[in-house]
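The block underneath contains the structure these notes are about, expressed in structure tokens.
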Amino acid sequence: MTLGTPRLCAQQQQRNLPHIGYVFPAGVQRGTSCELVIGGQFLQGARDVIVSGSGVTVSEVNFRKPLQMKRANELRNFLQEARKKLMESKDKTPAALAGLDTNEMITKILKDSGATDEEVRGFLEQRQQRADPKRQPNTQIAESVTCKVEIALDAETGPHEVRVLAPNGASNPVSFCVGQLPEAKVSGTLGKTFDTAGRVTLPTVLNGQILPGAIDHYSFEARKGARIVVSMQARDLIPYLADAVPGWFQPVVVLYDSTGKEIAYANDYRFSPDPVFCCEIPENGVYVLEIKDALYRGREDFVYRVTVGEIPFVTGIFPLGGKTEASTTVDVWGWNLPRNKAIIKPSSEDGVHPVSDLRNGVVIGEISFASSSLPEVTEKEPNNEPKSAQRVKLPVIVNGHIDSPGDVDVFVFSCKAGEKVVAEVVARRLNSPLDSWLKVTDETGFQVAFNDDMDDKGAALLTHQADSYLTFTAPATGDYYIYLGNAQHKGGPEYGYRLRISPPQPDYALRVVPSSLNSRPGGVCAVTLYALRKDGFSGDINLKLKDAPEGYSLQGGCIPAGQDSVRATLIMSPRLGDAPVSLTLEGRATVNGKEMIHPVVPADDMLQAFAYHHLVPANELLAVKSASASSGRSNVNNVEPLQLPVGAVGHLTFPIAVNQGSNQPGLILELSEPPEGISIERMMQTRDGVTLTVRASSKMKPGTRGNLIFEVFTERPLPAPAGKKPEMRRYTSGYLPAIPFAVTAR
């Protein structure tokens with residue numbers, strides 16, 4: 001197989017790309033402005049900060065470069081010389097000696113030595129960190145960018161996404177909130193002790209960062225009988241920390257009266273690590289709110305927002321969903337609510353969707369509502385045992401709740417021999433605290449199927465996948481009983497659920513990673529496409545760009561049958577300019593003879609606690625011009641899948657020159673994250689270019705399909721003393737467009 005003559009593409013591999021770990025403050029009141037500090041890595045030369053949504057204007061973007069070790073040592077030497085001269089002088093009064101280590105004196109000495117304001121700031125910050133043995137340097141958040149953000153009065157409230165644009169591309173997105181309440185923050189030593197608590201007026205939103213061992217305090221006046229809600233956002237802002245166990249900031253909030261007596265305490269809210277509580281104030285007076293990490297850890301990315309006041313907070317709704325496009329009246333529970341009923345009209349599509357009219361713009365918390373085209377019924381008590389089981393007809397969705405601790409809901413339905421049935425609980429994915437289990441028995445009580453927890457890759461923010469899912473084939477015609485209970489033996493009106501009992505409903509959802517594509521115009525970006533298959537769907541899924549500007553194309557956009565992911569490439573337009581371009585992908589698949597079309601959700605692969613990966617959704621898939629990626633693109637003509645017989649080889653020819661082991665610059669081709677069992681056996685320069693011999697392992701299964709993605713490297717010799725062989729350094733030059741392959745039987 002020979003490829004048409006390429007001008008080598010060159011999307012830089014995902015190395016040294018801008019990365020941000022936190023935004024502080026993590027939100028601001030609309031109609032106001034503030035300075036935003038964005039901490040991360042590889043941010044030098046930041047040219048812009050972009051914020052998703054409407055109503056947010058960014059200006060005055062500046063990069064704060066950490067003070068380099070060499071320069072820090074030079075400035076430290078200046079200080080030592082200044083101390084030495086003072087000690088040798090006649091003025092050795094205690095006041096003069098004590099003044100040596102003040103920030104004011106250090107600043108004066110360093111400025112006299114020629115240090116810039118930025119260098120002085122960096123030196124003082126390093127000095128402060130060195131004085132605290134708990135502070136550990138972290139290169140991933142050592143750099144920072146500052147900017148000014150102005151929020152319009154009509155700006156959209158709720159979470160937005162912040163990304164930094166630097167010469168080498170766009171960063172990952174981090175959450176930034178726009179709210180309606182006044183915002184406050186403390187700085188320096190203010191608020192670090194009970195007696196120095198920063199005074200605020202309720203209602204308000206508190207913004208802060210917890211450093212190692214630090215505890216923040218805020219004080220406020222409250223009247224007797226006031227129902228004060230304290231709602232924390234921490235993991236809600238930064239869902240996963242790669243290098244912290246359990247993988248996020250674990251905040252604790254405590255409310256004290258003026259004498260130091262504890263009034264309320266929370267270190268979580270149901271299954272969420274972000275604490276929430278409602279406290280009825282016992283007496284008129286001043287109260288102090290304390291915020292800390294449960295393990296007394298801390299770092300600049302331990303960022304929080306706490307909403308405090310007599311504000312409405314929704315703790316639950318019922319039912320948790322309704323019929324597609326049909327208005328549903330729901331009961332609403334919570335604190336300080338103006339109403340306990342709401343009418344919700346679900347989306348026109350099946351699935352889970354946010355409910356905007358239940359988000360009050362004050363407490364940032366998403367209320368979700370499910371919609372389905374299947375028939376719906378409401379659970380009716382008593383139905384705790386087979387003789388009182390509630391009879392249902394398939395297919396059906398049952399809206400119910402576990403009323404009390406130990407409650408078990410039982411449903412009965414008729415089934416024919418050989419009929420396949422799926423039972424699925426959606427509760428935790430709709431913010432219900434229910435930790436469900438499911439059991440199916442026949443008429444004699446014999447257990448046919450059981451499930452406790454099901455792992456849903458689409459629920460990326462849930463680390464305890466507590467919803468249940470099972471499927472079974474009826475061994476005989478007759479009645480079957482489904483039991484639904486709570487594994488934690490808890491119950492109440494808020495322990496709601498939606499139970500689907502139906503024949504399999506094959507379907508799928510899609511993700512694309514990463515959400516920022518950094519490339520030179522005409523370059524090639526490698527992406528990973530994920531299929532979240534449902535109810536046994538295993539067919540091909542074909543993806544393509546939707547309404548993309550001219551010049552963009554997706555190559556290798558097929559997730560083969562039976563596979564959950566595939567790597568592919570996106571070719572950027574030669575006209576890619578300085579402004580980011582939002583791209584949209586969609587997937588098509590034939591399910592039971594019907595074509596189903598679904599959007600592809602942009603996402604980022606986030607690492608939790610060194611070990612666990614999560615596909616966290618983002619708002620947009622952005623193509624961004626990068627100065628660090630190589631230029632050009634590959635034109636590949638008439639590409640057919642490469643046929644690889646099991647245990648044998650196939651051949652690819654690229655009309656390019658490659659490195660042949662000399663000390664001269666050349667190109668090297670390597671497979672990037674190849675499928676298991678596929679490897680390059682030999683690379684040989686021929687008259688037509690370079691020919692690669694690619695082998696499929698004898699352990700591979702015939703019918704395996706996917707894409708081969710080749711990364712292009714250059715090697716250049718480093719300077720070396722005369723007579724010594726120079727060391728070669730490798731540089732990535734990018735990717736070639738994806739080449740489909742298929743493993744065949746010999």
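FYI, nothing fancy with the structure tokens labels: chains A, B, ... in order, residues from 1 per chain, ligands from 1 as they appear.
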**Study point:** Residue neighbourhood range 711-723 of chain A, 7 Å, only C-alpha atoms, exclusion window fewer than 3 positions, as a ChimeraX atom specification
**Key:** /A:663-672,726-736
Residues as selected, C-alpha atoms, written as a CSV table (one decimal), in the first residue's frame, can you do that?
chain,number,residue,atom,x,y,z
A,663,ASN,CA,24.5,11.6,12.8
A,664,GLN,CA,22.6,13.7,10.3
A,665,PRO,CA,19.1,15.1,10.9
A,666,GLY,CA,16.4,12.7,9.7
A,667,LEU,CA,12.9,11.5,10.2
A,668,ILE,CA,11.7,8.6,12.4
A,669,LEU,CA,8.3,7.1,12.2
A,670,GLU,CA,6.8,5.4,15.3
A,671,LEU,CA,3.3,3.9,16.0
A,672,SER,CA,1.5,6.1,18.5
A,726,PRO,CA,27.5,13.4,19.6
A,727,GLU,CA,24.4,12.5,21.5
A,728,MET,CA,21.2,12.6,19.4
A,729,ARG,CA,18.1,14.4,20.7
A,730,ARG,CA,14.7,13.5,19.4
A,731,TYR,CA,11.9,16.1,18.7
A,732,THR,CA,8.3,15.3,17.8
A,733,SER,CA,7.1,16.7,14.5
A,734,GLY,CA,3.5,15.5,14.7
A,735,TYR,CA,1.3,12.9,13.3
A,736,LEU,CA,0.3,11.4,9.9
Check your understanding: Taking the backbone alone, and naming residues the way the document does, which bits of range 9-78 of chain A are strand (DSSP E or B) by DSSP, as a PyMOL selection string?
Key -> chain A and resi 19-24+27-29+33-41+48-51+56-64
Sorted by chain and rising residue number, which residues of range 469-576 of chain A lie within 7 Å of range 377-395 of chain A, and what are their closest atom pairs and distances in Å to one decimal, counting only C-alpha atoms, as CSV?
residue,atom,partner,partner_atom,distance
A:Ile501,CA,A:Pro395,CA,5.8
A:Ser502,CA,A:Pro395,CA,4.2
A:Pro503,CA,A:Pro395,CA,6.8
Review point. Between A:Glu183, A:Glu119, A:Asp467, A:Glu81, which has the minimum distance to Gly31 in chain A (counting only C-alpha atoms)?
Key: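 Of all the options, A:Glu183 lies closest to Gly31 in chain A.
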Check your understanding: What lies within 7 Å of range 193-201 of chain A using only C-alpha atoms, ignoring chain neighbours under 6 positions off, as a PyMOL selection string?
Key -> chain A and resi 186+217-220
Atoms to include: C-alpha atoms. Write the selected residues as an mmCIF file, in the first residue's frame.
data_model
loop_
_atom_site.group_PDB
_atom_site.id
_atom_site.type_symbol
_atom_site.label_atom_id
_atom_site.label_comp_id
_atom_site.auth_asym_id
_atom_site.auth_seq_id
_atom_site.Cartn_x
_atom_site.Cartn_y
_atom_site.Cartn_z
ATOM 1 C CA VAL A 186 -9.914 37.340 52.767
ATOM 2 C CA HIS A 217 -12.683 31.990 59.355
ATOM 3 C CA TYR A 218 -15.534 34.359 58.495
ATOM 4 C CA SER A 219 -17.909 36.064 60.914
ATOM 5 C CA PHE A 220 -21.423 37.383 60.382
#
Practice item. Would you work out the distance separating CA of Ser231 in chain A from CA of Phe277 in chain A, expressed in Å to one decimal? Key: 6.7 Å
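Compared by their closest atoms to Met69 in chain A, and using only C-alpha atoms, the residues A:Phe302, A:Ser404, A:Phe123, A:Tyr483 rank with A:Phe123 nearest.
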Review point. Using only C-alpha atoms, which residues sit within 6 Å of Ile482 in chain A once same-chain residues fewer than 5 positions away are excluded, as a PyMOL selection string?
Key: chain A and resi 410-411+439-440
Practice item. Extract, using only C-alpha atoms, all DNA, RNA and protein residues at most 6 Å from range 583-589 of chain A, discarding same-chain residues fewer than 6 positions from it, and format them as number ranges by chain. Key: A: 541-546, 595-600, 621
Practice item. Compile the contact shell of Ala531 in chain A as a list in words: residues with an atom at most 8 Å away, counting only C-alpha atoms, same-chain residues fewer than 5 positions apart removed. Key: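 Residues near the query, excluding close chain neighbours: Tyr508, Ala509, Leu510, Arg511, Ile559, Gln563, Asp564 and Ser565 of chain A.
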Exercise for review: Could you tell me which of A:Leu255, A:Ala623, A:Ile344, A:Ile228 comes closest to Glu280 in chain A if we count only C-alpha atoms?
Suggested key: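 Nearest to Glu280 in chain A: A:Ile228.
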Exercise for review: Write out as a list of chain:residue names each polymer residue whose atoms come within 6 Å of Thr204 in chain A, counting only C-alpha atoms; drop sequence neighbours fewer than 3 positions from it.
Suggested key: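 In the requested form, the answer reads A:Leu181, A:Pro182, A:Glu183, A:Thr307, A:Val308.
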Output for the residues just chosen: C-alpha atoms as a PDB file, in the first residue's frame:
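File produced: selection.pdb:
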ATOM      1  CA  LEU A 181     -24.915  37.404  45.347  1.00  0.00           C
ATOM      2  CA  PRO A 182     -22.117  39.690  46.568  1.00  0.00           C
ATOM      3  CA  GLU A 183     -18.755  37.894  46.802  1.00  0.00           C
ATOM      4  CA  THR A 307     -22.692  30.378  49.594  1.00  0.00           C
ATOM      5  CA  VAL A 308     -24.068  31.494  52.973  1.00  0.00           C
TER       6      VAL A 308
END
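Using only C-alpha atoms, the smallest distance between any of A:Asp301, A:Leu462, A:Asn62, A:Val245 and Gly21 in chain A comes from A:Asp301.
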Practice item. For CA of Pro549 in chain A and CA of Ser573 in chain A, determine how far apart the two atoms are, in Å to one decimal place. Key: 7.8 Å
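Nearest-residue note for Arg429 in chain A: choosing from A:Asp688, A:Asp409, A:Asp331, A:Asp455, the minimum distance belongs to A:Asp455, counting only C-alpha atoms.
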Point to revise | Top pick for closest residue to Val743 in chain A, considering A:Leu692, A:Ile709, A:Ala266, A:Ile678 and counting only C-alpha atoms | key: A:Ile678
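Note that CA of Ile263 in chain A and CA of Pro251 in chain A are 17.4 Å apart.
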Practice item. Output as number ranges by chain all residues of range 44-118 of chain A that backbone DSSP marks as helix (DSSP H, G or I). Key: A: 69-88, 94-101, 103-112, 117-118
For the selection you just gave me, I'd like the residues written to a file as a tab-separated table (two decimals), in the first residue's frame, keeping C-alpha atoms.
chain	number	residue	atom	x	y	z
A	69	MET	CA	16.72	29.17	40.68
A	70	LYS	CA	19.82	30.88	39.29
A	71	ARG	CA	18.33	34.35	39.69
A	72	ALA	CA	16.94	33.49	43.15
A	73	ASN	CA	20.46	32.51	44.27
A	74	GLU	CA	21.88	35.77	42.90
A	75	LEU	CA	19.34	37.81	44.85
A	76	ARG	CA	19.97	35.74	47.96
A	77	ASN	CA	23.68	36.56	47.67
A	78	PHE	CA	22.87	40.28	47.47
A	79	LEU	CA	20.92	39.97	50.72
A	80	GLN	CA	23.77	38.14	52.44
A	81	GLU	CA	26.25	40.82	51.35
A	82	ALA	CA	23.92	43.53	52.66
A	83	ARG	CA	23.65	41.78	56.04
A	84	LYS	CA	27.43	41.38	56.18
A	85	LYS	CA	27.99	45.09	55.52
A	86	LEU	CA	25.46	46.03	58.19
A	87	MET	CA	27.12	43.74	60.73
A	88	GLU	CA	30.47	45.34	59.94
A	94	PRO	CA	18.51	45.93	67.82
A	95	ALA	CA	16.12	47.93	65.64
A	96	ALA	CA	18.54	47.95	62.72
A	97	LEU	CA	19.22	44.22	63.03
A	98	ALA	CA	15.52	43.40	63.38
A	99	GLY	CA	14.75	45.39	60.24
A	100	LEU	CA	16.99	43.20	58.12
A	101	ASP	CA	14.36	40.55	57.49
A	103	ASN	CA	9.74	42.59	53.47
A	104	GLU	CA	10.21	46.34	53.20
A	105	MET	CA	13.96	46.14	53.82
A	106	ILE	CA	14.38	43.09	51.57
A	107	THR	CA	12.50	44.90	48.81
A	108	LYS	CA	14.74	47.97	49.15
A	109	ILE	CA	17.95	45.91	49.08
A	110	LEU	CA	16.84	43.88	46.07
A	111	LYS	CA	15.66	46.95	44.16
A	112	ASP	CA	19.02	48.64	44.86
A	117	ASP	CA	9.30	44.36	40.66
A	118	GLU	CA	8.39	40.93	39.28
